[in-house]
Every structure is written in structure tokens, then in C-alpha cells.
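Engineer: Dropping in query15.cif, with mmCIF, C-alpha atoms and all ligand atoms.
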data_final
loop_
_atom_site.label_atom_id
_atom_site.label_comp_id
_atom_site.auth_asym_id
_atom_site.auth_seq_id
_atom_site.Cartn_x
_atom_site.Cartn_y
_atom_site.Cartn_z
CA MET A 1 27.48 -1.71 29.50
CA ASP A 2 30.76 0.24 29.16
CA SER A 3 33.56 -0.94 26.87
CA VAL A 4 35.82 -2.16 29.71
CA SER A 5 33.01 -4.45 30.88
CA SER A 6 32.41 -5.75 27.35
CA VAL A 7 36.10 -6.53 26.93
CA PHE A 8 36.33 -8.37 30.28
CA ASN A 9 33.19 -10.39 29.63
CA LEU A 10 34.55 -11.39 26.25
CA LEU A 11 37.97 -12.24 27.69
CA ALA A 12 36.34 -14.36 30.41
CA TYR A 13 34.55 -16.46 27.78
CA LEU A 14 37.70 -16.76 25.69
CA ALA A 15 39.80 -17.81 28.68
CA VAL A 16 37.33 -20.49 29.79
CA ALA A 17 36.93 -21.77 26.21
CA ILE A 18 40.70 -22.01 25.68
CA PHE A 19 41.09 -23.77 29.04
CA VAL A 20 38.33 -26.34 28.46
CA LEU A 21 39.14 -27.08 24.80
CA GLY A 22 42.90 -27.04 25.40
CA PHE A 23 42.54 -29.37 28.39
CA LEU A 24 40.33 -31.83 26.48
CA ASN A 25 42.67 -31.73 23.52
CA LYS A 26 45.60 -32.70 25.74
CA VAL A 27 43.61 -35.48 27.43
CA ILE A 28 42.74 -36.98 24.01
CA LEU A 29 46.37 -36.65 22.93
CA TYR A 30 47.55 -38.45 26.07
CA PHE A 31 45.09 -41.28 25.45
CA ARG A 32 46.24 -41.64 21.85
CA THR A 33 49.92 -41.66 22.75
CA PRO A 34 51.19 -45.24 22.67
CA SER A 35 52.82 -46.64 25.77
CA PRO A 36 54.75 -49.47 24.12
CA LEU A 37 56.34 -50.87 27.25
CA LYS A 38 55.04 -52.31 30.49
CA ILE A 39 56.82 -50.09 32.98
CA PRO A 40 54.89 -49.96 36.27
CA THR A 41 57.12 -49.31 39.25
CA THR A 42 57.02 -52.62 41.06
CA PRO A 43 55.63 -53.93 43.32
CA ALA A 44 52.52 -52.89 41.39
CA PRO A 45 48.89 -54.04 41.45
CA LYS A 46 47.66 -56.87 39.20
CA ASN A 47 44.29 -55.30 38.34
CA SER A 48 42.65 -51.93 37.83
CA VAL A 49 41.01 -51.79 41.27
CA GLY A 50 44.52 -52.09 42.71
CA VAL A 51 45.71 -49.30 40.41
CA VAL A 52 42.96 -47.00 41.72
CA ILE A 53 43.91 -47.87 45.31
CA ARG A 54 47.54 -47.18 44.47
CA LEU A 55 46.70 -43.78 42.99
CA ILE A 56 44.67 -42.51 45.96
CA PRO A 57 47.60 -41.83 48.35
CA GLU A 58 49.55 -40.53 45.36
CA ILE A 59 46.89 -37.91 44.65
CA LEU A 60 46.04 -37.08 48.27
CA PHE A 61 49.53 -37.13 49.78
CA PHE A 62 51.99 -37.12 46.82
CA ARG A 63 53.39 -40.33 48.29
CA SER A 64 56.28 -40.97 45.89
CA LEU A 65 57.77 -37.54 46.61
CA LEU A 66 58.03 -38.48 50.28
CA ARG A 67 60.34 -41.32 49.36
CA GLY A 68 63.04 -39.08 47.91
CA GLY A 69 65.94 -37.26 49.56
CA THR A 70 65.95 -33.89 51.33
CA ALA A 71 65.32 -31.92 48.12
CA GLU A 72 62.23 -34.03 47.34
CA LYS A 73 61.00 -33.68 50.91
CA ILE A 74 61.19 -29.87 50.60
CA LEU A 75 59.28 -30.17 47.33
CA TRP A 76 56.75 -32.44 49.02
CA PHE A 77 56.19 -30.00 51.87
CA GLY A 78 55.86 -26.90 49.67
CA SER A 79 53.74 -28.53 46.99
CA TRP A 80 51.39 -30.31 49.39
CA LEU A 81 50.78 -27.10 51.32
CA PHE A 82 50.30 -25.28 48.03
CA HIS A 83 47.76 -27.72 46.59
CA VAL A 84 45.71 -28.08 49.78
CA SER A 85 45.53 -24.32 50.34
CA PHE A 86 44.69 -23.80 46.66
CA LEU A 87 41.81 -26.26 46.94
CA LEU A 88 40.45 -24.58 50.08
CA ILE A 89 40.67 -21.14 48.44
CA ILE A 90 38.78 -22.38 45.38
CA LEU A 91 36.12 -23.96 47.60
CA ARG A 92 35.76 -20.65 49.47
CA HIS A 93 35.45 -18.81 46.13
CA LEU A 94 32.49 -20.99 45.16
CA ARG A 95 30.29 -18.54 47.06
CA PHE A 96 30.73 -16.18 44.10
CA PHE A 97 29.68 -18.85 41.62
CA THR A 98 26.62 -20.34 43.27
CA TYR A 99 23.17 -19.12 44.30
CA PRO A 100 22.01 -20.17 46.80
CA VAL A 101 25.43 -20.91 48.29
CA PRO A 102 25.63 -24.58 49.43
CA GLY A 103 26.06 -25.11 53.20
CA VAL A 104 29.35 -26.93 52.71
CA VAL A 105 30.84 -23.88 50.93
CA MET A 106 29.63 -21.65 53.76
CA SER A 107 31.19 -23.93 56.37
CA LEU A 108 34.58 -23.71 54.63
CA GLN A 109 34.79 -19.89 54.63
CA GLN A 110 37.01 -19.50 57.70
CA ILE A 111 39.44 -22.29 56.82
CA GLY A 112 39.58 -20.74 53.32
CA ILE A 113 40.84 -17.49 54.84
CA TRP A 114 43.59 -19.32 56.74
CA ALA A 115 44.48 -21.11 53.52
CA ALA A 116 44.82 -17.72 51.80
CA TRP A 117 47.75 -16.93 54.17
CA VAL A 118 49.38 -20.34 53.80
CA PHE A 119 49.16 -20.12 49.99
CA PRO A 120 51.85 -17.41 49.41
CA LEU A 121 54.11 -19.04 52.02
CA ALA A 122 53.92 -22.38 50.19
CA LEU A 123 54.70 -20.59 46.92
CA LEU A 124 57.71 -18.87 48.51
CA ILE A 125 59.05 -22.31 49.52
CA LEU A 126 58.61 -23.53 45.93
CA ILE A 127 60.31 -20.41 44.54
CA ALA A 128 63.17 -20.57 47.08
CA ARG A 129 63.70 -24.22 46.18
CA ARG A 130 64.39 -23.26 42.57
CA PHE A 131 66.90 -20.58 43.62
CA LEU A 132 68.67 -22.32 46.49
CA ILE A 133 69.20 -25.93 45.40
CA ASP A 134 72.06 -26.09 42.86
CA ARG A 135 70.51 -28.93 40.87
CA MET A 136 67.25 -26.97 40.58
CA VAL A 137 69.02 -23.81 39.42
CA VAL A 138 70.51 -25.78 36.52
CA ILE A 139 67.29 -27.41 35.31
CA SER A 140 64.84 -24.56 35.99
CA LEU A 141 63.43 -22.80 32.95
CA PHE A 142 62.01 -19.30 32.59
CA GLN A 143 58.51 -20.76 32.51
CA ASP A 144 59.02 -22.53 35.85
CA TYR A 145 59.54 -19.18 37.57
CA ILE A 146 56.81 -17.41 35.62
CA ILE A 147 54.11 -19.90 36.63
CA LEU A 148 55.05 -19.61 40.30
CA LEU A 149 55.13 -15.81 40.11
CA LEU A 150 51.80 -15.66 38.29
CA ILE A 151 50.11 -17.83 40.92
CA LEU A 152 51.77 -15.80 43.68
CA GLY A 153 50.38 -12.67 42.00
CA ILE A 154 46.87 -14.16 42.14
CA GLY A 155 47.26 -14.97 45.85
CA ILE A 156 48.65 -11.56 46.78
CA THR A 157 46.06 -9.56 44.83
CA GLY A 158 43.41 -11.77 46.49
CA LEU A 159 44.73 -10.94 49.96
CA LEU A 160 44.91 -7.25 49.06
CA LEU A 161 41.29 -7.41 47.90
CA LYS A 162 40.24 -8.99 51.16
CA TYR A 163 42.20 -6.81 53.58
CA PHE A 164 43.29 -3.54 51.99
CA MET A 165 41.31 -2.51 48.92
CA ARG A 166 37.92 -4.06 49.30
CA THR A 167 35.61 -4.35 46.35
CA ASN A 168 31.84 -4.64 46.26
CA LEU A 169 31.26 -8.40 46.52
CA VAL A 170 27.65 -8.10 45.37
CA ASP A 171 28.95 -6.67 42.08
CA VAL A 172 31.56 -9.45 41.88
CA LYS A 173 28.90 -12.10 42.27
CA ALA A 174 26.58 -10.41 39.76
CA PHE A 175 29.45 -10.31 37.26
CA ILE A 176 30.38 -13.97 37.71
CA LEU A 177 26.77 -15.19 37.58
CA GLY A 178 26.27 -12.99 34.50
CA VAL A 179 29.17 -14.73 32.77
CA LEU A 180 27.92 -18.17 33.82
CA THR A 181 24.34 -17.56 32.68
CA LEU A 182 25.42 -15.93 29.42
CA SER A 183 23.79 -12.64 30.42
CA PRO A 184 26.78 -10.32 30.87
CA VAL A 185 26.65 -7.36 33.25
CA ALA A 186 29.15 -4.60 34.09
CA VAL A 187 32.41 -5.54 35.85
CA PRO A 188 32.88 -4.37 39.48
CA ASP A 189 34.37 -0.90 39.79
CA SER A 190 37.76 -2.02 41.14
CA LEU A 191 41.09 -1.99 39.33
CA LEU A 192 42.55 -4.49 41.79
CA PHE A 193 39.73 -6.94 41.12
CA LEU A 194 40.34 -6.61 37.38
CA ILE A 195 44.04 -7.35 37.96
CA HIS A 196 43.16 -10.41 40.11
CA LEU A 197 40.76 -11.59 37.42
CA SER A 198 43.26 -10.95 34.60
CA PHE A 199 45.91 -13.05 36.37
CA VAL A 200 43.38 -15.87 36.78
CA MET A 201 42.43 -15.67 33.08
CA LEU A 202 46.11 -15.76 32.10
CA LEU A 203 46.53 -18.87 34.21
CA LEU A 204 43.51 -20.51 32.55
CA VAL A 205 44.81 -19.74 29.07
CA TYR A 206 48.33 -20.94 29.84
CA PHE A 207 47.28 -24.07 31.75
CA PRO A 208 46.71 -26.51 28.85
CA PHE A 209 50.00 -25.57 27.20
CA SER A 210 52.12 -25.90 30.32
CA LYS A 211 53.44 -28.42 32.79
CA LEU A 212 50.38 -27.65 34.91
CA MET A 213 48.76 -30.44 32.88
CA HIS A 214 50.41 -32.80 35.37
CA ALA A 215 47.07 -32.40 37.16
CA TRP A 216 45.70 -34.89 34.63
CA GLY A 217 48.96 -36.68 33.81
CA VAL A 218 49.26 -38.12 37.32
CA LEU A 219 46.20 -40.26 36.62
CA ILE A 220 47.66 -41.92 33.53
CA SER A 221 51.39 -42.00 34.20
CA PRO A 222 52.47 -45.51 33.04
CA THR A 223 54.79 -46.12 35.99
CA ARG A 224 51.92 -45.58 38.41
CA ALA A 225 48.79 -46.48 36.45
CA GLN A 226 49.83 -49.70 34.68
CA THR A 227 49.08 -53.15 36.11
CA ASP A 228 51.96 -55.54 36.70
CA THR A 229 50.82 -58.29 34.30
CA PRO A 230 53.58 -58.69 31.69
CA ARG A 231 53.35 -62.51 31.81
CA GLU A 232 49.59 -62.88 32.10
CA VAL A 233 48.61 -60.43 29.34
CA ARG A 234 50.60 -59.71 26.19
CA HIS A 235 51.11 -55.95 26.09
CA VAL A 236 50.83 -54.55 22.55
CA ALA A 237 50.77 -50.82 21.84
CA SER A 238 47.82 -49.92 19.61
CA TRP A 239 50.05 -48.83 16.70
CA ALA A 240 51.82 -52.21 16.72
CA GLU A 241 48.67 -54.36 16.46
C1 LIG B 1 43.17 -19.50 40.46
C2 LIG B 1 42.08 -19.02 41.02
C3 LIG B 1 42.08 -18.07 42.20
C4 LIG B 1 42.90 -17.98 43.28
C5 LIG B 1 44.10 -18.84 43.60
C6 LIG B 1 42.44 -16.88 44.10
C7 LIG B 1 43.00 -16.47 45.29
C8 LIG B 1 42.44 -15.58 46.18
C9 LIG B 1 42.87 -15.36 47.53
C10 LIG B 1 44.02 -16.07 48.18
C11 LIG B 1 42.06 -14.43 48.09
C12 LIG B 1 42.09 -13.86 49.52
C13 LIG B 1 41.28 -14.71 50.48
C14 LIG B 1 39.80 -14.77 50.21
O1 LIG B 1 39.11 -13.77 50.40
O2 LIG B 1 39.36 -15.83 49.77
C15 LIG B 1 41.12 -14.04 47.06
C16 LIG B 1 40.14 -13.08 47.23
C17 LIG B 1 39.25 -12.73 46.26
N1 LIG B 1 39.12 -13.30 45.02
FE1 LIG B 1 40.24 -14.77 44.25
N2 LIG B 1 41.36 -16.30 43.48
C18 LIG B 1 41.10 -17.00 42.33
C19 LIG B 1 40.08 -16.75 41.44
C20 LIG B 1 39.17 -15.76 41.56
C21 LIG B 1 38.08 -15.52 40.64
C22 LIG B 1 37.80 -16.32 39.36
C23 LIG B 1 37.38 -14.47 41.14
C24 LIG B 1 36.14 -13.83 40.65
C25 LIG B 1 35.85 -13.53 39.57
C26 LIG B 1 38.01 -14.03 42.35
C27 LIG B 1 37.59 -12.99 43.14
C28 LIG B 1 38.08 -12.67 44.38
C29 LIG B 1 37.54 -11.64 45.26
C30 LIG B 1 36.39 -10.71 44.93
C31 LIG B 1 38.27 -11.68 46.44
C32 LIG B 1 38.04 -10.83 47.70
C33 LIG B 1 37.17 -11.63 48.62
C34 LIG B 1 36.75 -10.88 49.87
O3 LIG B 1 36.93 -9.68 49.95
O4 LIG B 1 36.20 -11.55 50.78
N3 LIG B 1 39.10 -14.83 42.58
N4 LIG B 1 41.37 -14.75 45.90
#
Before anything else, please render the file you have as C-alpha cells.

Structural biologist:
Amino acid sequence: MDSVSSVFNLLAYLAVAIFVLGFLNKVILYFRTPSPLKIPTTPAPKNSVGVVIRLIPEILFFRSLLRGGTAEKILWFGSWLFHVSFLLIILRHLRFFTYPVPGVVMSLQQIGIWAAWVFPLALLILIARRFLIDRMVVISLFQDYIILLLILGIGITGLLLKYFMRTNLVDVKAFILGVLTLSPVAVPDSLLFLIHLSFVMLLLVYFPFSKLMHAWGVLISPTRAQTDTPREVRHVASWAE
């Protein structure tokens, strides 16, 4: 194996390790963080089954965003399109990661291609929102733009790979399966693929240290995930027991 391949195989392991360990570390930290007050947004459920039912439309449709003003509705539209197209793209990509490829992944191939076109458009809405709404310009940080641009870079290099500078997909699959089965092989002979892959690895490494952790946070946000039982059950934070 040439040295470029060795470096990319090594980087792939490092990126996945940092992502998994960093993610778990944050999850443990969130669980250990005291939530001293009962602060569910009322009306809220009285038991945990109700909390799960409350979270489902939140996760599937980002329901609370829909309740805001025009700026939140723009955010809702852009972010919902973004997340759904992202999911479909990832499902389409599973054909590189599985052998034999499950039927459900095969059946999602065409819709995954449509999603690939929606993806950059959704990101452009999210980027425009940060530039065009005064309030957003004031509170946006460098990192807010960088994340959007990085993800846009992944989408655009993906589209280029599909339509303009095709790579050998058999080599791509061999490379990915090699990484997954701990038996590394050479990377595909395509600079564009290596750029696409590098952007993805950057995203993986940055994920646990960034606001992208909201992916987990939504499940445990006190205003959404607490029961409304301040009178029935005395609420004591673990550090105050
Ligand atoms: C955050 C994760 C990723 C995103 C958002 C993403 C996005 C995209 C998009 C939008 C396309 C064009 C449409 C398509 O062919 O599906 C694409 C193509 C492609 N992606 Fe990704 N990608 C990701 C991760 C990966 C990974 C981990 C690999 C493999 C190691 C990969 C390899 C490829 C290849 C080879 C193509 C060309 C497919 C073809 O020619 O049919 N991508 N990607």
C-alpha cells in the first residue's frame, strides 16, 4: 500500500475514534450535569411515556420552531429540508458500507439522488439566513458559518463526484469495507474523492466539540424532556441530595 493510502486509512480510524469517544464523553457529561429546577414548558406530560410522545413530533418535524415568527419559520424550512435530505443521502451511501446491500438501501437510491440536489439548496437558505436577518448577523459566530460551509463543501464535492469527475465505486467500496473490517486497502485513485472524504473526516472530528451535539441534546433538553410533576414529586438535583 502506498503512503497516501496508509495516511488516509489511519486518519479514517482516528476520525471515527474521536467522533465516537467525543460523542460518548459529551453524553456522559450531559447526564452528570445537574438540572436543579423543574422547567418543562407547560402544558407538559405527567409521565415518561408522555415525554416520549411529546418528543416525537419535535424530532420528526421540529415542532417548536414552527411556533415562532417569520425568522423561525425560515429556519424551520431550511433546517427541516437540510436534515431530511441529509438522512436520505446517508441512507443512499449505505451501499458503500454494506455487503450484500439491503433491499431497503437499494430502494432509496433514486430519492437519495434527488436529496443530493435539495441538500445544497437547504444549506444556502441556512447561510442566507445568517447574512440577511439583522438579529442573526449580530449573534452569528465564525464557527456558525464554518460548519455550514464545511457541510456545503461535502455536498458539492459529492455532486461533482457523481456528475462530473466520477471515481471507481468498486474501489470506494473496497476501501470503506477495508476500514470497517480492519484490513486496510489502497484508497481510490481520485483526488476529488479524497477531498470529499477529508471534509467528512473533519466534520466527524469537529462534531463532538461543536453545537452539532444538539443532535443528542434535543432528547434531554429539560424544557422538553421533563415531566410536569413539581407537586407530586419533590425534585432534588443529585448534588443537593
Ligand atoms: C457527512 C457525510 C456525507 C455526505 C453529506 C455526503 C454527501 C454526498 C452527496 C450529496 C453526494 C452526491 C449524490 C450521491 O451520489 O449520493 C455524494 C456522493 C458520493 N459520496 Fe458522499 N457524503 C458523505 C459521506 C461520504 C463517505 C463517508 C464516503 C465514502 C467513503 C462518500 C463517498 C461518496 C462517493 C464515492 C460519491 C459518488 C457516488 C456516485 O458516483 O454515485 N461520501 N456524497

Engineer: Hey, which residues sit close to ligand LIG 1 (chain B)? Say within 6 Å, counting all atoms listed in the file, and write them as a ChimeraX atom specification.

Structural biologist: /A:86,89,113,116,154-155,158-159,161-162,166,169,172,176,197,200

Engineer: Taking the point (43.6, -23.9, 25.3) as given in the file, collect each protein or nucleic acid residue that comes within 6 Å of it, counting all atoms listed in the file, and present the set as number ranges by chain.

Structural biologist: A: 18-19, 21-22, 205, 208

Engineer: Just the number, please: distance in Å from atom CA of Pro184 of chain A to atom CA of Tyr206 of chain A, one decimal.

Structural biologist: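 Straight-line distance from atom CA of Pro184 of chain A to atom CA of Tyr206 of chain A works out to 24.0 Å.
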
Engineer: For segment 29-43 of chain A, list every protein, DNA or RNA residue within 8 Å, evaluated using only C-alpha atoms, and leave out those in the same chain fewer than 5 positions away; present the list as a PDB file with C-alpha atoms, in the frame of the given file.

Structural biologist:
ATOM      1  CA  PRO A 222      52.470 -45.510  33.040  1.00  0.00           C
ATOM      2  CA  THR A 223      54.790 -46.120  35.990  1.00  0.00           C
ATOM      3  CA  ARG A 224      51.920 -45.580  38.410  1.00  0.00           C
ATOM      4  CA  ALA A 225      48.790 -46.480  36.450  1.00  0.00           C
ATOM      5  CA  GLN A 226      49.830 -49.700  34.680  1.00  0.00           C
ATOM      6  CA  THR A 227      49.080 -53.150  36.110  1.00  0.00           C
ATOM      7  CA  ASP A 228      51.960 -55.540  36.700  1.00  0.00           C
ATOM      8  CA  PRO A 230      53.580 -58.690  31.690  1.00  0.00           C
ATOM      9  CA  HIS A 235      51.110 -55.950  26.090  1.00  0.00           C
ATOM     10  CA  VAL A 236      50.830 -54.550  22.550  1.00  0.00           C
ATOM     11  CA  ALA A 237      50.770 -50.820  21.840  1.00  0.00           C
ATOM     12  CA  SER A 238      47.820 -49.920  19.610  1.00  0.00           C
ATOM     13  CA  TRP A 239      50.050 -48.830  16.700  1.00  0.00           C
TER      14      TRP A 239
END

Engineer: Quick one: of A:Phe207, A:Tyr13, A:Phe62, A:Phe175, who's nearest to Ile151 of chain A, counting all atoms listed in the file?

Structural biologist: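 The shortest atom-to-atom distance to Ile151 of chain A comes from A:Phe207.
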
Engineer: Kindly provide, as a list in words, the polymer residues lying within 12 Å of (31.9, -22.4, 44.7), counting only C-alpha atoms and using the coordinates exactly as they appear in the file.

Structural biologist: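 So the residues meeting the distance criterion are Leu87, Leu88, Ile89, Ile90, Leu91, Arg92, His93, Leu94, Arg95, Phe96, Phe97, Thr98, Tyr99, Pro100, Val101, Pro102, Gly103, Val104, Val105, Met106, Ser107, Leu108, Gln109, Gly112, Lys173, Ile176 and Leu177 of chain A.
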
Engineer: Find the residue from A:Ala186, A:Leu191, A:Met201, A:Leu60 that sits nearest to Ser3 of chain A; use only C-alpha atoms when measuring.

Structural biologist: A:Ala186

Engineer: Let me make sure I understand: among A:Leu203, A:Ile220, A:Leu152, A:Ile125, which one has the smallest atom-to-atom distance to Val52 of chain A if we use only C-alpha atoms?

Structural biologist: A:Ile220

Engineer: In Å, how far is it from atom CA of Phe119 of chain A to atom CA of Val137 of chain A?

Structural biologist: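 Atom CA of Val137 of chain A lies 22.8 Å from atom CA of Phe119 of chain A.
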
Engineer: Between atom CA of Leu212 of chain A and atom CA of Gly78 of chain A, measure the distance and give it in Å to one decimal.

Structural biologist: 15.8 Å

Engineer: Looking at A:Ser140, A:Gly217, A:Val179, A:Trp117, which one is nearest to Tyr163 of chain A, with distances taken over only C-alpha atoms?

Structural biologist: A:Trp117

Engineer: List the spatial neighbours of segment 63-72 of chain A as a list in words - criterion: any atom at most 10 Å away, all atoms listed in the file, same-chain residues fewer than 3 positions off excluded.

Structural biologist: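 The residues satisfying every condition are Arg54, Leu55, Ile56, Pro57, Glu58, Ile59, Leu60, Leu75, Trp76, Phe77, Gly78, Ser79, Arg129, Ile133, Arg135, Met136 and Arg224 of chain A.
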
Engineer: Could those selected residues go to a file with C-alpha atoms, as a compact mmCIF listing (two decimals), in the frame of the given file?

Structural biologist:
# COMPACT_ATOMS: atom_id res chain seq x y z
CA ARG A 54 47.54 -47.18 44.47
CA LEU A 55 46.70 -43.78 42.99
CA ILE A 56 44.67 -42.51 45.96
CA PRO A 57 47.60 -41.83 48.35
CA GLU A 58 49.55 -40.53 45.36
CA ILE A 59 46.89 -37.91 44.65
CA LEU A 60 46.04 -37.08 48.27
CA LEU A 75 59.28 -30.17 47.33
CA TRP A 76 56.75 -32.44 49.02
CA PHE A 77 56.19 -30.00 51.87
CA GLY A 78 55.86 -26.90 49.67
CA SER A 79 53.74 -28.53 46.99
CA ARG A 129 63.70 -24.22 46.18
CA ILE A 133 69.20 -25.93 45.40
CA ARG A 135 70.51 -28.93 40.87
CA MET A 136 67.25 -26.97 40.58
CA ARG A 224 51.92 -45.58 38.41

Engineer: Model the absent atoms of segment 47-60 of chain A so that N, CA and C atoms are present, and write the result as a PDB file, keeping the file's coordinate frame.

Structural biologist:
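File rebuild-v9.pdb, as written:
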ATOM      1  N   ASN A  47      45.541 -55.645  39.048  1.00  0.00           N
ATOM      2  CA  ASN A  47      44.290 -55.300  38.340  1.00  0.00           C
ATOM      3  C   ASN A  47      43.961 -53.814  38.548  1.00  0.00           C
ATOM      4  N   SER A  48      42.895 -53.369  37.835  1.00  0.00           N
ATOM      5  CA  SER A  48      42.650 -51.930  37.830  1.00  0.00           C
ATOM      6  C   SER A  48      42.118 -51.400  39.166  1.00  0.00           C
ATOM      7  N   VAL A  49      41.446 -52.250  39.943  1.00  0.00           N
ATOM      8  CA  VAL A  49      41.010 -51.790  41.270  1.00  0.00           C
ATOM      9  C   VAL A  49      42.257 -51.450  42.093  1.00  0.00           C
ATOM     10  N   GLY A  50      43.262 -52.334  41.988  1.00  0.00           N
ATOM     11  CA  GLY A  50      44.520 -52.090  42.710  1.00  0.00           C
ATOM     12  C   GLY A  50      45.189 -50.808  42.248  1.00  0.00           C
ATOM     13  N   VAL A  51      45.095 -50.530  40.928  1.00  0.00           N
ATOM     14  CA  VAL A  51      45.710 -49.300  40.410  1.00  0.00           C
ATOM     15  C   VAL A  51      45.029 -48.075  41.035  1.00  0.00           C
ATOM     16  N   VAL A  52      43.687 -48.135  41.124  1.00  0.00           N
ATOM     17  CA  VAL A  52      42.960 -47.000  41.720  1.00  0.00           C
ATOM     18  C   VAL A  52      43.401 -46.826  43.180  1.00  0.00           C
ATOM     19  N   ILE A  53      43.496 -47.956  43.899  1.00  0.00           N
ATOM     20  CA  ILE A  53      43.910 -47.870  45.310  1.00  0.00           C
ATOM     21  C   ILE A  53      45.333 -47.310  45.404  1.00  0.00           C
ATOM     22  N   ARG A  54      46.172 -47.684  44.455  1.00  0.00           N
ATOM     23  CA  ARG A  54      47.540 -47.180  44.470  1.00  0.00           C
ATOM     24  C   ARG A  54      47.582 -45.671  44.218  1.00  0.00           C
ATOM     25  N   LEU A  55      46.657 -45.206  43.360  1.00  0.00           N
ATOM     26  CA  LEU A  55      46.700 -43.780  42.990  1.00  0.00           C
ATOM     27  C   LEU A  55      46.174 -42.860  44.097  1.00  0.00           C
ATOM     28  N   ILE A  56      45.302 -43.390  44.957  1.00  0.00           N
ATOM     29  CA  ILE A  56      44.670 -42.510  45.960  1.00  0.00           C
ATOM     30  C   ILE A  56      45.703 -41.815  46.867  1.00  0.00           C
ATOM     31  N   PRO A  57      46.605 -42.547  47.523  1.00  0.00           N
ATOM     32  CA  PRO A  57      47.600 -41.830  48.350  1.00  0.00           C
ATOM     33  C   PRO A  57      48.540 -40.966  47.525  1.00  0.00           C
ATOM     34  N   GLU A  58      48.708 -41.343  46.255  1.00  0.00           N
ATOM     35  CA  GLU A  58      49.550 -40.530  45.360  1.00  0.00           C
ATOM     36  C   GLU A  58      48.911 -39.155  45.166  1.00  0.00           C
ATOM     37  N   ILE A  59      47.590 -39.172  44.925  1.00  0.00           N
ATOM     38  CA  ILE A  59      46.890 -37.910  44.650  1.00  0.00           C
ATOM     39  C   ILE A  59      46.689 -37.110  45.947  1.00  0.00           C
ATOM     40  N   LEU A  60      46.339 -37.810  47.033  1.00  0.00           N
ATOM     41  CA  LEU A  60      46.040 -37.080  48.270  1.00  0.00           C
ATOM     42  C   LEU A  60      47.294 -36.618  48.999  1.00  0.00           C
TER      43      LEU A  60
END
